[in-house]
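A.B. asks: One structure follows; several queries about it will come next.
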Amino acid sequence: MMKPYKAILFILLTGAALSFLYPFYWMIMASLTPEAQIGELAFLPGQLTVDNYVLMISKIPIWRSLLNSTIVASLSTLGVIVFGSMTGYALAKLPFRGRNLLFFVIIFTMTLPFQITLIPNYILMVKFRWVDTLAALIIPALNNAFAILLFRQAFKSIPDDLIHAARVDGCGELRIIFQILFPNMLPTIITVGIITFMSSWNDVLWPLIVIRDEQWMTMPQLVTLFAVGGRAEAQLGVKLASAVFLALPIIIAYSIFQRHFIQSMASTGLKN
Amino acid sequence: MSTQPPKYQQLRNKLLPYVIVSPYLIHLCLFVLFPVAFSILLTFHKWNIIAPMEYIGLDNFRHLFQDRLFWKAILNTGRFLLIHIPLQIVVALALAYFLNEKILMRGFFRATFFMPVVISGVVVTILWQQLFGLETGLLNRLLSGIGLARVEWLSNPKLSMASIAIMATWKNVGLYVILFLVGLQSVPKSYYEAAEVDGANAWQQFRYITLPAINPTFFMVVILSTIGGFSLFIEPYIMTDGGPLNTTLSAMLYIYKQAFGYYHMGYSTTLGLFFALLIMVVVAVQKYTIEEKE
């Protein structure tokens, strides 16, 4: 038996949940509805069609952009994990001159709004001739101050004895980081991995700036330009089909790993 | 290893940390320190990337203070924050408060509220552009269905920014629900039990136990959503292109247009620098207020 108070809460929460779920449900259904009927669609379309998807795929290189996004987000994430753990390890476990200075510089870069570096970084990409290459999307994203701090924290909690023992056995520092210590810090790696992958995957401002050639565009960028440009020809169904296509990989990943997503992304807030 | 002279060993051990942090150091110099220094240089120049840079002294700053559209964009961004942050806090706190009870399908609700957080802002904006539609938009169909007048969500200059703030709240609120929930769960149950013994009602318990306890979370939410809100860009870029009558032109959208629409590199960098300093000042003031209060 539910108490009346809890029943009311349950109803309120259900209403709130519907206001989050129904728009997504509607979007998926609308993308499967013939254009002329979208205006009346509420729950189920009169007839289902994949025409919107066929048209969308024929108009924009969406598969190519999916590949680009996957490459960019994967390599950025790999870089942030490898370099972030190296720097975090040095800050936590290796004494060297300038260590405190470096730590403060990292904190300082975290408080620096990205609006300062955005345009100079674009100019750098022009000078490096990286405009319209995936390098412009990957290389500036290979390091991340927040990830370094998370790794530093994780390495600090590992006892020094473990590292000394590995050194006595003749392990180099890189082997200590990646072979001995990494298995002990999976939660941190997952957190950094999810945060980095998601922010790379969902970023659209930087791609809009450095990529102009359609074949190198990331998926959110391509869908954005499709939605604002004239090529969707004001056809709502086609636009929505591209949006569903963009959302689908994340929705699938989220429904499998939602606990990890929530924990990782909430930790960005909690640790600031 | 043991055959190597100890001196070599020593030098190696001394240099090793620097080698290990070198990927970060190179990155830091190239993509953070150099751009910051270069942006200061650029503020004194006129440049379209192709022609040689032209030194113009303080003209960029003079222009900035007279640029009415830029100030309008700053005000628009401020207006967005003033609607978005209180709305977000109220909704997030309410949902977190409900979820803090032992209730059926709690995990499902949590995951549902969080879903828009992980989904691209592009998807959310394209979807809401439809929801806000004048004739066939879902919101207006709902309103006219229950006998109310249709609302010009995006075409009414007085409403357009509020509409975008509503959408942004819908997109981000799940994250703040989780943060508040963590805050709420840190309050010891015994506090409430003691209050109940003393005869405090639900509101009094909320006001004198819950609110003080979640104060740190409260301010963290304010700061996080301030920083996020200042970056408002893709929503107006897709939905309104800054219109109608520039009422949804955010500062970031304006800087983007100056830089990549007109290629005013010197001027847009000046705007970016000024705007970044403004953000840092606002956040510093917020942090200062928090520390004062604690």
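Following the order of the structure tokens, chains are lettered A, B, ..., residues in each are numbered from 1, and ligands are numbered from 1.
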Please identify every residue of chain A that has at least one atom no farther than 6 Å from an atom of chain B, counting only C-alpha atoms, and for each give the shortest atom pair and the distance in Å to one decimal, arranged by chain then increasing number, as a tab-separated table.

C.D. replies:
```
residue	atom	partner	partner_atom	distance
A:Gly39	CA	B:Thr136	CA	5.0
A:Met86	CA	B:Ile20	CA	5.9
A:Thr87	CA	B:Val21	CA	4.8
A:Ala90	CA	B:Pro17	CA	5.9
A:Pro113	CA	B:Ala276	CA	5.5
A:Gln115	CA	B:Gly272	CA	5.2
A:Ile116	CA	B:Leu273	CA	5.0
A:Thr117	CA	B:Pro35	CA	5.3
A:Pro120	CA	B:Pro35	CA	5.0
A:Asn202	CA	B:Ser120	CA	5.2
A:Val228	CA	B:Ile238	CA	5.8
A:Ala243	CA	B:Val123	CA	5.0
```

A.B. asks: Export C-alpha atoms of the chosen residues as a PDB file, in the first residue's frame?

C.D. replies:
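Output saved as part36.pdb:
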```
ATOM      1  CA  GLY A  39       1.204  18.493 -38.370  1.00  0.00           C
ATOM      2  CA  MET A  86      50.930  10.634 -17.487  1.00  0.00           C
ATOM      3  CA  THR A  87      50.692  14.239 -16.291  1.00  0.00           C
ATOM      4  CA  ALA A  90      53.906  12.984 -12.441  1.00  0.00           C
ATOM      5  CA  PRO A 113      36.825  30.807 -20.299  1.00  0.00           C
ATOM      6  CA  GLN A 115      36.147  32.504 -25.351  1.00  0.00           C
ATOM      7  CA  ILE A 116      39.695  33.853 -24.891  1.00  0.00           C
ATOM      8  CA  THR A 117      41.457  31.159 -26.867  1.00  0.00           C
ATOM      9  CA  PRO A 120      43.546  32.667 -31.749  1.00  0.00           C
ATOM     10  CA  ASN A 202      28.463  16.762 -28.893  1.00  0.00           C
ATOM     11  CA  VAL A 228      19.686  25.857 -40.877  1.00  0.00           C
ATOM     12  CA  ALA A 243      18.148  14.716 -35.674  1.00  0.00           C
TER      13      ALA A 243
END
```

A.B. asks: Neighbouring residues of Lys158 in chain B were defined as those with any atom within 10 Å, considering only C-alpha atoms; residues of the same chain fewer than 6 positions away were excluded. Please report them as a list in words.

C.D. replies: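 The contact residues come out as Glu152, Pro244, Leu245, Thr247 and Thr248 of chain B.
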
A.B. asks: I'd like the neighbourhood of Leu134 in chain A as a count of residues only, where a residue qualifies if any of its atoms comes within 9 Å (using only C-alpha atoms), though same-chain residues fewer than 5 positions away should be ignored.

C.D. replies: 7
